[in-house]
Number of protein chains: 2
Amino acid sequence: MSEFAPVGFADVRLEGNFWRERLDTVLARTIPSQHVQLEKHGILESLTLPNPPPPLRYPRNQHGFTVQVFWDSDVGKWIEAASYALAHRRDEKIEAQIDAIVDLFGKAQLPDGYVNCWYLDREPENRWTNLRDNHELYNLGHMLEGAVAYYQVTGRRKFLDIMERAIAHVREVFGPGPNQKHGYPGHQEIELALVKLYHLTKDKKHLELATYFINERGKKPYYFDQEAIARGANPADYWFKTYEYSQAHEPVRQQKKVVGHAVRAVYMYTAMADLAGELNDQGLKSACETLWKDVTETKMYLTAGLGPAAANEGFTKDFDLPNDTAYAETCASVALIFWAQRMLHLDLDGKYADVLEQSLFNNTLCGLSREGEHYFYSNPLEDDGGHTRWAWHTCPCCTMNVSRLIASVGGYFVSHSDDAIAFHLYGGISTTVPLKTGKVAVREVSNYPWSGDIKIHVDPETPAAFSVKVRIPGWSKGAKVTVNGQPVDASAAINSYLGIHRTWAKGDIVSLDLPMPAERIYAHPAVRMDVGRVALTRGPLVYCLEEADNPGGPVQRLRLPRDAELKSTTRADLFDGIVTIAAEAVALKDAGFERDLYRTDPPSEEPATLTALPYYLWNNRQKGSMLVWVPEA
Amino acid sequence: MSEFAPVGFADVRLEGNFWRERLDTVLARTIPSQHVQLEKHGILESLTLPNPPPPLRYPRNQHGFTVQVFWDSDVGKWIEAASYALAHRRDEKIEAQIDAIVDLFGKAQLPDGYVNCWYLDREPENRWTNLRDNHELYNLGHMLEGAVAYYQVTGRRKFLDIMERAIAHVREVFGPGPNQKHGYPGHQEIELALVKLYHLTKDKKHLELATYFINERGKKPYYFDQEAIARGANPADYWFKTYEYSQAHEPVRQQKKVVGHAVRAVYMYTAMADLAGELNDQGLKSACETLWKDVTETKMYLTAGLGPAAANEGFTKDFDLPNDTAYAETCASVALIFWAQRMLHLDLDGKYADVLEQSLFNNTLCGLSREGEHYFYSNPLEDDGGHTRWAWHTCPCCTMNVSRLIASVGGYFVSHSDDAIAFHLYGGISTTVPLKTGKVAVREVSNYPWSGDIKIHVDPETPAAFSVKVRIPGWSKGAKVTVNGQPVDASAAINSYLGIHRTWAKGDIVSLDLPMPAERIYAHPAVRMDVGRVALTRGPLVYCLEEADNPGGPVQRLRLPRDAELKSTTRADLFDGIVTIAAEAVALKDAGFERDLYRTDPPSEEPATLTALPYYLWNNRQKGSMLVWVPEA
């Protein structure tokens with residue numbers, strides 16, 4: 001296992017323009033507006049336990065299910081995101097809002113520790129009878145993450161106390177004992193939250209509970225069958241038919257293929273990787289590696305979107321990656337960042353950082369609008385102009401997932417061990433790293449992702465020998481590295497990390513030059529949707545054609561010759577300065593098709609300049625068509 | 001209006017191998033097996049009105065809806081199909097089966113004429129309270145078509161008597177009177193059935209009732225709103241939100257765009273065209289022409305499939321024609337044949353016959369398996385190997401639609417007026433046409449659709465002057481026509497029909513030579529799914545690549561150079577002899593993608609011979625991938 005641990009986001013200052021803008025937007029607009037939406041949509045009211053409860057705002061579907069059963073989780077996730085925001089900038093109003101919510105949870109909690117506003121309000125007699133569908137443990141997971149974050153930032157214990165009591169109750173109810181339920185969550189999440197609680201408290205019993213849930217999952221006879229029978233239901237009536245949906249079809253160590261609901265899957269893999277590290281469990285680590293290989297080699301969009309299908313909000317078959325109907329839920333790509341980070345800290349291997357970066361700059365960032373108050377739930381790679389971000393959603397899980405990620409993004413940049421500092425992401429940060437030899441101030445200066453010209457200032461308190469490991473991204477070719485102007489052999493990188501071991505002194509500078517040409521990308525031929533098509537990338541960014549930049553009709557009429565030169569252009573006029581890609585392409589003409597939907601002559605073509613912009617920025621100006629995979633001419 | 005009327009199928013002998021095989025299969029296998037399925041799935045039992053009714057076999061969905069409300073229609077449609085079969089070959093067993101069903105309908109019918117086994121069995125108090133959703137008039141339409149067909153073939157009146165009483169009841173309940181309901185069907189169908197009843201009885205009141213339903217449709221205030229309020233429901237809760245779903249959003253004469261549920265739409269257009277002809281109503285005719293133009297120029301698959309979307313089983317936006325998710329319901333293409341035939345008899349214009357033929361040979365025939373007992377409901381133009389015909393369906397509407405169409409296909413070949421005979425389809429038929437000048441025996445001999453070499457024997461009882469009009473299909477180029485070996489100028493054709501007026505005598509032969517090369521077809525550039533792709537056709541047949549003929553991986557790996565020669569080959573070994581198309585293409589290779597889902601180098605290619613077979617035959621050998629629109633290399 002790797003000896004590296006991440007430097008927490010609260011210790012990392014974001015100084016580069018790219019992340020500063022996203023962070024400021026989230027702090028100033030996203031977090032406050034999310035509280036407004038939670039209030040407006042009755043989610044805060046749902047915590048007040050009126051008696052009788054108010055009418056359902058979201059009626060039950062044909063399976064008897066309403067999204068309101070997981071409202072506690074949305075509140076918990078908002079507290080987590082808001083707490084991360086507070087770490088950057090304390091705010092009395094937000095703190096008061098959090099405290100008010102915490103008070104409601106406190107009032108709702110039963111003496112035995114149980115807390116779930118849905119059940120307590122509407123069907124207290126049914127608690128813990130339907131883990132498969134009703135999200136009680138999932139909700140506690142997000143509340144626990146919120147409580148840990150709020151405590152870490154403010155030092156206030158009240159929410160954490162509530163949640164420790166709640167977890168103590170969970171530990172009484174669930175476990176191997178004869179009078180305990182041998183259950184586990186229908187929607188995984190609490191497992192990784194319990195690892196966070198363990199990190200905070202160092203209390204091993206939290207790790208043990210997470211391990212219990214992970215180990216029990218998928219054993220036969222299925223717990224979900226047994227609890228269904230116990231509540232008088234027929235397990236065969238399960239609306240999803242197979243427990244692959246929640247990765248509970250077989251014990252997790254036996255799972256070789258990534259299946260089912262994408263967010264459940266990746267939250268679970270995150271916890272598995274956490275536990276693999278904490279318990280030094282090679283079996284879990286090996287299972288994670290198998291699943292990682294499966295998903296990244298056969299089931300991931302170029303944007304790092306996961307889960308093509310709306311039907312199960314998740315995975316289908318290998319290489320089934322439809323573009324216009326891609327589900328690619330924002331939550332799933334946030335979860336992928338979590339998982340990738342855990343894998344990266346099991347093994348310092350750039351393949352994990354590459355996917356982390358790919359998800360961050362593409363599918364994840366796409367989930368939030370430029371102004372910070374609109375969201376994509378699904379992230380298709382092609383659209384005819386109908387897909388647009390919404391101000392809120394029936395199921396608002398993605399909203400707080402993207403805000404909590406951006407508010408804590410600094411935590412993904414740097415790791416360290418006793419005697420090494422590793423840089424994973426670039427974009428302008430500074431922090432101080434405590435090595436065995438003393439503190440080292442580091443400052444990474446760059447205009448990444450627009451430029452690959454990166455300077456890392458390494459300033460130890462006193463000269464000391466240690467390693468600086470810089471990641472050479474998988475997308476880069478011809479990277480050059482110097483220390484104080486002296487070349488270092490970049491080809492010596494191990495698993496994409498170039499370790500520079502020397503005695504460092506104040507004023508030392510590592511320069512990293514990552515050439516960043518626009519590139520053509522081709523998909524595996526088994527991805528049938530992308531045959532004969534090409535995508536454009538530059539550095540970590542996937543590009544797309546958007547109608548706003550390519551007026552005159554749907555962008556789908558454009559075809560790109562394989563030999564057309566790709567030109568990168570800095571555009572100060574767009575989104576505070578971005579780089580676009582242009583090429584001489586051809587546009588199909590409608591001429592002659594006035595009365596024919598089909599004909600034997602191919603459409604005529606005319607020259608057209610194609611302009612592509614980063615995928616994450618689409619749908620921020622006007623509605624219109626969009627395309628990532630462009631047909632070749 | 002055209003003076004032409006079709007020669008009924010019962011008067012047309014199918015002699016060509018192509019249609020003889022399909023007809024024999026339907027008679028010998030499809031019709032009997034459908035009765036078995038109706039019994040097996042409880043549909044026949046549903047007519048027996050036990051009290052209390054048996055449990056629902058298909059539970060209500062979240063909208064309170066179960067498919068069982070339209071089971072009467074399935075039985076009616078089976079009787080229609082079986083009756084057409086009897087016209088070819090009487091069969092005591094089938095007649096007894098029909099009589100048994102008719103007896104059940106007779107027993108169920110109330111003294112006032114009302115008959116609907118669902119309502120009478122389960123909720124008699126609710127009859128006529130939900131036309132929008134519950135299919136009472138639709139059911140009567142199919143039952144009426146069955147009754148008319150059975151009477152025409154056997155002369156037995158019992159079912160017809162029942163249905164005439166039922167229609168008399170409908171006429172009492174619905175109409176403009178102050179004590180009548182000003183309603184119309186939620187699912188159109190009865191309108192065209194009433195025209196058939198009018199043709200049989202010459203009783204104008206049937207035409208008037210059909211006209212009432214058509215004219216009332218879409219008027220404000222909406223009847224569907226009013227009946228919802230009357231039963232205590234909120235019209236705003238309508239599960240489909242817009243009456244475009246059933247083309248009841250505006251009066252039919254104002255409708256310019258084809259919208260909503262495809263089968264409802266096209267059944268309605270069929271009735272509109274019927275009434276336009278019967279009433280000499282230019283407004284209705286003009287509406288039909290506008291809608292025809294809209295659907296054929298912007299919303300029709302190359303296979304003549306209609307309705308891309310499963311969500312509404314129908315139409316979406318112009319040029320929205322996704323291939324792998326195409327709904328393209330078999331019923332809708334059968335309905336398109338009905339509509340096209342009606343339009344063709346308003347104006348003898350080949351554009352209608354072209355679409356009729358396109359639908360018949362492609363989307364429609366595809367709906368039935370080669371062995372005759374399996375069905376496609378949806379007919380995608382691309383598949384990854386998961387789509388396969390089923391032995392029965394929750395909603396078995398398509399099964400009897402395809403069997404009734406094939407059992408009566410002879411009725412689409414020939415029309416006549418007082419002094420002209422028009423040939424629309426080819427494939428080997430003989431019939432006798434009653435002209436003003438006497439009877440004319442005609443025999444069309446060909447191996448169509450495999451060959452365009454067509455001989456038409458024209459044998460009047462005595463020499464007489466009249467016209468023979470032969471259709472020059474829209475797909476053909478360079479057609480040559482001779483009479484007794486003497487060339488006729490084919491370019492003199494008007495609206496694709498070449499009229500040959502002369503004095504005909506026994507032994508005269510018209511020869512039609514339609515060159516039938518394999519062709520490339522390109523879609524309008526606005527069909528974004530088909531940009532950079534080409535389809536192959538030969539004569540009226542659309543071709544596809546199927547994995548069975550292109551082993552070695554998914555057919556989606558194949559790309560066809562624009563200049564590759566297309567070779568047609570007669571294959572006696574396949575399906576009793578068909579013509580396939582082959583070309584030298586390239587296949588993308590997986591080499592180098594072993595661990596990469598994406599890379600900067602394009603996939604390498606290797607030469608590959610591509611083999612295409614007619615689309616309607618796919619999925620008859622083994623499961624596997626299929627593709628109509630092939631990427632160009």
# chains A, B, ... in the order shown; residues from 1 in each chain; ligands from 1
>>> interface_residues(of="chain B", to="chain A", cutoff="8 Å", atoms="only C-alpha atoms", output="tab-separated table (two decimals) with all heavy atoms, in the first residue's frame")
chain	number	residue	atom	x	y	z
B	61	ASN	N	-50.91	-0.07	-14.29
B	61	ASN	CA	-49.69	0.71	-14.08
B	61	ASN	C	-49.98	1.92	-13.19
B	61	ASN	O	-51.07	2.02	-12.62
B	61	ASN	CB	-49.08	1.12	-15.43
B	61	ASN	CG	-49.95	2.14	-16.16
B	61	ASN	OD1	-50.94	2.64	-15.62
B	61	ASN	ND2	-49.57	2.45	-17.38
B	62	GLN	N	-49.01	2.80	-13.07
B	62	GLN	CA	-49.20	3.92	-12.14
B	62	GLN	C	-50.33	4.85	-12.55
B	62	GLN	O	-50.80	5.65	-11.75
B	62	GLN	CB	-47.88	4.70	-11.94
B	62	GLN	CG	-47.43	5.51	-13.12
B	62	GLN	CD	-46.43	4.76	-13.98
B	62	GLN	OE1	-46.63	3.59	-14.32
B	62	GLN	NE2	-45.37	5.43	-14.37
B	296	THR	N	-43.86	12.01	-44.65
B	296	THR	CA	-42.93	11.35	-45.57
B	296	THR	C	-41.67	12.17	-45.82
B	296	THR	O	-40.64	11.63	-46.18
B	296	THR	CB	-43.61	11.03	-46.92
B	296	THR	OG1	-44.11	12.26	-47.48
B	296	THR	CG2	-44.74	10.04	-46.75
B	297	GLU	N	-41.77	13.47	-45.59
B	297	GLU	CA	-40.59	14.32	-45.85
B	297	GLU	C	-39.75	14.57	-44.60
B	297	GLU	O	-38.62	15.05	-44.71
B	297	GLU	CB	-41.02	15.66	-46.46
B	297	GLU	CG	-41.59	15.48	-47.87
B	297	GLU	CD	-42.00	16.79	-48.52
B	297	GLU	OE1	-41.72	17.87	-47.96
B	297	GLU	OE2	-42.61	16.72	-49.61
B	298	THR	N	-40.29	14.28	-43.42
B	298	THR	CA	-39.52	14.61	-42.21
B	298	THR	C	-39.55	13.55	-41.11
B	298	THR	O	-38.81	13.68	-40.14
B	298	THR	CB	-40.02	15.93	-41.56
B	298	THR	OG1	-41.35	15.71	-41.05
B	298	THR	CG2	-40.04	17.07	-42.56
B	300	MET	N	-40.17	9.75	-41.49
B	300	MET	CA	-40.33	8.35	-41.85
B	300	MET	C	-38.96	7.69	-42.01
B	300	MET	O	-38.08	8.21	-42.69
B	300	MET	CB	-41.13	8.25	-43.15
B	300	MET	CG	-41.54	6.84	-43.52
B	300	MET	SD	-42.62	6.80	-44.99
B	300	MET	CE	-41.40	7.10	-46.28
B	302	LEU	N	-36.28	4.95	-43.43
B	302	LEU	CA	-36.09	4.40	-44.77
B	302	LEU	C	-36.91	3.12	-44.95
B	302	LEU	O	-37.33	2.79	-46.05
B	302	LEU	CB	-34.59	4.12	-45.00
B	302	LEU	CG	-34.20	3.55	-46.35
B	302	LEU	CD1	-34.60	4.50	-47.48
B	302	LEU	CD2	-32.70	3.28	-46.40
B	519	GLU	N	-28.36	-0.20	-54.83
B	519	GLU	CA	-28.19	1.26	-54.80
B	519	GLU	C	-27.70	1.72	-53.43
B	519	GLU	O	-28.00	1.10	-52.41
B	519	GLU	CB	-29.55	1.95	-55.06
B	519	GLU	CG	-30.13	1.69	-56.42
B	519	GLU	CD	-29.93	2.86	-57.37
B	519	GLU	OE1	-28.95	3.61	-57.20
B	519	GLU	OE2	-30.78	3.01	-58.26
B	520	ARG	N	-27.01	2.84	-53.46
B	520	ARG	CA	-26.68	3.54	-52.21
B	520	ARG	C	-27.75	4.59	-51.95
B	520	ARG	O	-28.18	5.30	-52.86
B	520	ARG	CB	-25.34	4.26	-52.33
B	520	ARG	CG	-24.14	3.37	-52.22
B	520	ARG	CD	-22.87	4.18	-52.39
B	520	ARG	NE	-21.70	3.45	-51.99
B	520	ARG	CZ	-21.11	2.49	-52.72
B	520	ARG	NH1	-21.63	2.16	-53.89
B	520	ARG	NH2	-20.04	1.87	-52.27
B	521	ILE	N	-28.14	4.72	-50.69
B	521	ILE	CA	-29.12	5.72	-50.30
B	521	ILE	C	-28.53	6.60	-49.20
B	521	ILE	O	-27.87	6.10	-48.27
B	521	ILE	CB	-30.41	5.05	-49.76
B	521	ILE	CG1	-31.04	4.15	-50.84
B	521	ILE	CG2	-31.41	6.11	-49.28
B	521	ILE	CD1	-31.68	4.88	-51.98
B	522	TYR	N	-28.75	7.89	-49.34
B	522	TYR	CA	-28.29	8.86	-48.32
B	522	TYR	C	-29.49	9.58	-47.73
B	522	TYR	O	-30.45	9.88	-48.43
B	522	TYR	CB	-27.34	9.87	-48.96
B	522	TYR	CG	-26.08	9.21	-49.47
B	522	TYR	CD1	-26.02	8.69	-50.76
B	522	TYR	CD2	-24.97	9.07	-48.64
B	522	TYR	CE1	-24.88	8.04	-51.22
B	522	TYR	CE2	-23.83	8.43	-49.10
B	522	TYR	CZ	-23.78	7.92	-50.39
B	522	TYR	OH	-22.66	7.27	-50.82
B	523	ALA	N	-29.40	9.86	-46.45
B	523	ALA	CA	-30.49	10.56	-45.77
B	523	ALA	C	-30.28	12.07	-45.83
B	523	ALA	O	-29.15	12.55	-45.98
B	523	ALA	CB	-30.58	10.11	-44.32
B	524	HIS	N	-31.36	12.78	-45.69
B	524	HIS	CA	-31.33	14.23	-45.54
B	524	HIS	C	-30.32	14.59	-44.44
B	524	HIS	O	-30.32	13.95	-43.37
B	524	HIS	CB	-32.73	14.70	-45.15
B	524	HIS	CG	-32.95	16.17	-45.19
B	524	HIS	ND1	-32.24	17.05	-44.39
B	524	HIS	CD2	-33.79	16.94	-45.93
B	524	HIS	CE1	-32.65	18.29	-44.64
B	524	HIS	NE2	-33.58	18.25	-45.57
B	525	PRO	N	-29.47	15.59	-44.68
B	525	PRO	CA	-28.44	15.90	-43.68
B	525	PRO	C	-28.99	16.26	-42.30
B	525	PRO	O	-28.27	16.18	-41.31
B	525	PRO	CB	-27.72	17.11	-44.29
B	525	PRO	CG	-27.98	17.02	-45.74
B	525	PRO	CD	-29.34	16.41	-45.89
B	526	ALA	N	-30.26	16.62	-42.24
B	526	ALA	CA	-30.84	16.95	-40.93
B	526	ALA	C	-31.10	15.70	-40.09
B	526	ALA	O	-31.36	15.80	-38.90
B	526	ALA	CB	-32.13	17.74	-41.11
B	528	ARG	N	-29.53	13.60	-38.18
B	528	ARG	CA	-28.17	13.63	-37.65
B	528	ARG	C	-27.58	12.23	-37.42
B	528	ARG	O	-26.37	12.04	-37.46
B	528	ARG	CB	-28.13	14.44	-36.34
B	528	ARG	CG	-29.04	13.92	-35.26
B	528	ARG	CD	-29.11	14.91	-34.08
B	528	ARG	NE	-30.16	14.56	-33.13
B	528	ARG	CZ	-30.02	13.64	-32.18
B	528	ARG	NH1	-28.90	13.00	-32.02
B	528	ARG	NH2	-31.04	13.37	-31.38
B	531	VAL	N	-25.67	10.94	-40.65
B	531	VAL	CA	-24.60	11.72	-41.29
B	531	VAL	C	-23.35	10.84	-41.40
B	531	VAL	O	-22.96	10.18	-40.45
B	531	VAL	CB	-24.29	13.00	-40.47
B	531	VAL	CG1	-23.01	13.66	-40.98
B	531	VAL	CG2	-25.46	13.96	-40.54
B	532	GLY	N	-22.77	10.82	-42.59
B	532	GLY	CA	-21.59	10.00	-42.82
B	532	GLY	C	-21.91	8.53	-43.03
B	532	GLY	O	-21.02	7.69	-43.02
B	554	PRO	N	-19.23	-7.62	-34.19
B	554	PRO	CA	-20.40	-6.79	-34.50
B	554	PRO	C	-20.29	-6.20	-35.90
B	554	PRO	O	-19.20	-5.79	-36.33
B	554	PRO	CB	-20.35	-5.70	-33.43
B	554	PRO	CG	-19.49	-6.23	-32.35
B	554	PRO	CD	-18.51	-7.15	-33.01
B	556	GLN	N	-21.17	-3.45	-36.75
B	556	GLN	CA	-20.89	-2.01	-36.64
B	556	GLN	C	-19.42	-1.68	-36.85
B	556	GLN	O	-19.06	-0.51	-36.93
B	556	GLN	CB	-21.36	-1.48	-35.28
B	556	GLN	CG	-22.86	-1.31	-35.15
B	556	GLN	CD	-23.59	-2.58	-34.78
B	556	GLN	OE1	-22.99	-3.63	-34.64
B	556	GLN	NE2	-24.90	-2.48	-34.60
B	557	ARG	N	-18.57	-2.69	-36.94
B	557	ARG	CA	-17.15	-2.41	-37.19
B	557	ARG	C	-16.88	-2.19	-38.68
B	557	ARG	O	-15.77	-1.82	-39.07
B	557	ARG	CB	-16.28	-3.56	-36.69
B	557	ARG	CG	-16.29	-4.78	-37.61
B	557	ARG	CD	-15.76	-6.03	-36.96
B	557	ARG	NE	-15.66	-7.13	-37.90
B	557	ARG	CZ	-16.70	-7.84	-38.36
B	557	ARG	NH1	-17.93	-7.54	-37.96
B	557	ARG	NH2	-16.53	-8.85	-39.20
B	559	ARG	N	-17.07	-0.53	-42.46
B	559	ARG	CA	-17.24	0.76	-43.13
B	559	ARG	C	-17.18	0.53	-44.64
B	559	ARG	O	-16.37	-0.25	-45.12
B	559	ARG	CB	-16.13	1.74	-42.71
B	559	ARG	CG	-16.12	2.01	-41.20
B	559	ARG	CD	-15.02	2.96	-40.82
B	559	ARG	NE	-15.31	4.32	-41.28
B	559	ARG	CZ	-14.43	5.32	-41.27
B	559	ARG	NH1	-13.19	5.11	-40.85
B	559	ARG	NH2	-14.77	6.52	-41.68
B	588	LEU	N	-12.87	-2.28	-39.01
B	588	LEU	CA	-11.99	-1.72	-37.99
B	588	LEU	C	-11.46	-2.86	-37.13
B	588	LEU	O	-12.19	-3.78	-36.79
B	588	LEU	CB	-12.75	-0.72	-37.11
B	588	LEU	CG	-13.39	0.47	-37.81
B	588	LEU	CD1	-13.93	1.46	-36.78
B	588	LEU	CD2	-12.39	1.17	-38.72
B	589	LYS	N	-10.20	-2.75	-36.79
B	589	LYS	CA	-9.58	-3.79	-35.96
B	589	LYS	C	-9.41	-3.31	-34.52
B	589	LYS	O	-9.11	-2.15	-34.28
B	589	LYS	CB	-8.21	-4.17	-36.54
B	589	LYS	CG	-8.32	-4.86	-37.89
B	589	LYS	CD	-6.95	-5.01	-38.54
B	589	LYS	CE	-6.08	-6.02	-37.81
B	589	LYS	NZ	-4.80	-6.22	-38.52
B	590	ASP	N	-9.57	-4.27	-33.61
B	590	ASP	CA	-9.39	-3.94	-32.20
B	590	ASP	C	-7.92	-3.82	-31.82
B	590	ASP	O	-7.60	-3.35	-30.73
B	590	ASP	CB	-10.00	-5.03	-31.32
B	590	ASP	CG	-11.51	-5.07	-31.42
B	590	ASP	OD1	-12.08	-4.19	-32.09
B	590	ASP	OD2	-12.12	-5.97	-30.81
B	593	PHE	N	-6.06	-1.78	-29.03
B	593	PHE	CA	-7.03	-1.23	-28.08
B	593	PHE	C	-7.21	-2.15	-26.88
B	593	PHE	O	-8.16	-1.99	-26.13
B	593	PHE	CB	-8.39	-1.05	-28.77
B	593	PHE	CG	-8.54	0.27	-29.51
B	593	PHE	CD1	-8.39	0.33	-30.88
B	593	PHE	CD2	-8.86	1.43	-28.82
B	593	PHE	CE1	-8.55	1.53	-31.56
B	593	PHE	CE2	-9.02	2.64	-29.51
B	593	PHE	CZ	-8.86	2.69	-30.88
B	595	ARG	N	-6.00	-2.42	-24.01
B	595	ARG	CA	-6.18	-1.81	-22.69
B	595	ARG	C	-6.65	-0.36	-22.79
B	595	ARG	O	-6.64	0.35	-21.79
B	595	ARG	CB	-4.88	-1.89	-21.89
B	595	ARG	CG	-4.68	-3.24	-21.20
B	595	ARG	CD	-3.45	-3.22	-20.32
B	595	ARG	NE	-2.26	-2.88	-21.08
B	595	ARG	CZ	-1.54	-3.76	-21.79
B	595	ARG	NH1	-1.89	-5.03	-21.84
B	595	ARG	NH2	-0.48	-3.38	-22.45
B	596	ASP	N	-7.04	0.05	-24.00
B	596	ASP	CA	-7.44	1.44	-24.16
B	596	ASP	C	-8.85	1.52	-24.74
B	596	ASP	O	-9.13	0.95	-25.79
B	596	ASP	CB	-6.49	2.17	-25.12
B	596	ASP	CG	-5.13	2.38	-24.49
B	596	ASP	OD1	-5.10	2.77	-23.32
B	596	ASP	OD2	-4.12	2.12	-25.17
B	597	LEU	N	-9.69	2.26	-24.06
B	597	LEU	CA	-11.01	2.51	-24.60
B	597	LEU	C	-10.92	3.65	-25.62
B	597	LEU	O	-11.70	3.71	-26.56
B	597	LEU	CB	-11.94	2.86	-23.43
B	597	LEU	CG	-13.43	2.94	-23.65
B	597	LEU	CD1	-13.97	1.77	-24.47
B	597	LEU	CD2	-14.13	2.99	-22.29
B	598	TYR	N	-9.93	4.54	-25.42
B	598	TYR	CA	-9.74	5.70	-26.31
B	598	TYR	C	-8.25	5.87	-26.58
B	598	TYR	O	-7.43	5.57	-25.72
B	598	TYR	CB	-10.28	6.97	-25.65
B	598	TYR	CG	-11.72	6.84	-25.22
B	598	TYR	CD1	-12.05	6.64	-23.88
B	598	TYR	CD2	-12.75	6.85	-26.15
B	598	TYR	CE1	-13.37	6.47	-23.48
B	598	TYR	CE2	-14.08	6.68	-25.77
B	598	TYR	CZ	-14.37	6.50	-24.43
B	598	TYR	OH	-15.67	6.32	-24.06
B	599	ARG	N	-7.94	6.36	-27.76
B	599	ARG	CA	-6.53	6.62	-28.06
B	599	ARG	C	-6.45	7.66	-29.18
B	599	ARG	O	-7.44	7.95	-29.86
B	599	ARG	CB	-5.80	5.34	-28.44
B	599	ARG	CG	-6.18	4.81	-29.81
B	599	ARG	CD	-5.38	3.54	-30.15
B	599	ARG	NE	-5.51	3.24	-31.57
B	599	ARG	CZ	-5.21	2.07	-32.11
B	599	ARG	NH1	-4.77	1.07	-31.35
B	599	ARG	NH2	-5.34	1.88	-33.41
B	600	THR	N	-5.24	8.18	-29.39
B	600	THR	CA	-5.09	9.23	-30.40
B	600	THR	C	-4.91	8.67	-31.81
B	600	THR	O	-5.13	9.38	-32.78
B	600	THR	CB	-3.90	10.15	-30.05
B	600	THR	OG1	-2.75	9.33	-29.84
B	600	THR	CG2	-4.18	10.95	-28.80
B	601	ASP	N	-4.49	7.42	-31.92
B	601	ASP	CA	-4.36	6.83	-33.26
B	601	ASP	C	-5.70	6.24	-33.69
B	601	ASP	O	-6.36	5.56	-32.90
B	601	ASP	CB	-3.33	5.70	-33.25
B	601	ASP	CG	-1.93	6.25	-33.12
B	601	ASP	OD1	-1.70	7.40	-33.52
B	601	ASP	OD2	-1.07	5.52	-32.58
B	602	PRO	N	-6.07	6.46	-34.95
B	602	PRO	CA	-7.32	5.84	-35.40
B	602	PRO	C	-7.18	4.32	-35.41
B	602	PRO	O	-6.07	3.80	-35.52
B	602	PRO	CB	-7.50	6.40	-36.82
B	602	PRO	CG	-6.18	6.95	-37.21
B	602	PRO	CD	-5.44	7.30	-35.98
B	603	PRO	N	-8.29	3.62	-35.31
B	603	PRO	CA	-8.22	2.16	-35.39
B	603	PRO	C	-7.64	1.74	-36.73
B	603	PRO	O	-7.89	2.38	-37.75
B	603	PRO	CB	-9.68	1.72	-35.29
B	603	PRO	CG	-10.43	2.89	-34.76
B	603	PRO	CD	-9.66	4.11	-35.17
B	631	PRO	N	-21.53	3.19	-41.77
B	631	PRO	CA	-20.59	4.31	-41.91
B	631	PRO	C	-19.81	4.19	-43.22
B	631	PRO	O	-19.38	3.11	-43.59
B	631	PRO	CB	-19.65	4.17	-40.71
B	631	PRO	CG	-20.35	3.28	-39.75
B	631	PRO	CD	-21.24	2.39	-40.57
B	632	GLU	N	-19.62	5.31	-43.88
B	632	GLU	CA	-18.78	5.30	-45.08
B	632	GLU	C	-17.31	5.35	-44.66
B	632	GLU	O	-16.96	5.93	-43.64
B	632	GLU	CB	-19.13	6.49	-45.98
B	632	GLU	CG	-20.48	6.32	-46.66
B	632	GLU	CD	-20.64	7.27	-47.84
B	632	GLU	OE1	-20.60	8.49	-47.62
B	632	GLU	OE2	-20.81	6.80	-48.97
B	633	ALA	N	-16.47	4.73	-45.47
B	633	ALA	CA	-15.03	4.78	-45.17
B	633	ALA	C	-14.43	5.99	-45.89
B	633	ALA	O	-14.97	6.48	-46.86
B	633	ALA	CB	-14.37	3.50	-45.64
>>> residues_around(residues="B:Gly76", least_positions_apart="5", cutoff="8 Å", atoms="only C-alpha atoms", output="VMD selection string")
chain B and resid 139 142 to 147
>>> closest_atom_pairs(of="stretch 339-421 of chain B", to="stretch 271-274 of chain B", cutoff="8 Å", atoms="only C-alpha atoms", output="CSV")
residue,atom,partner,partner_atom,distance
B:Trp339,CA,B:Ala273,CA,7.2
B:Arg342,CA,B:Ala273,CA,5.8
B:Met343,CA,B:Ala273,CA,6.2
B:Leu346,CA,B:Ala273,CA,7.6
>>> atom_distance(atom1="atom CA of A:Ala248", atom2="atom CA of A:Asn323")
28.4 Å
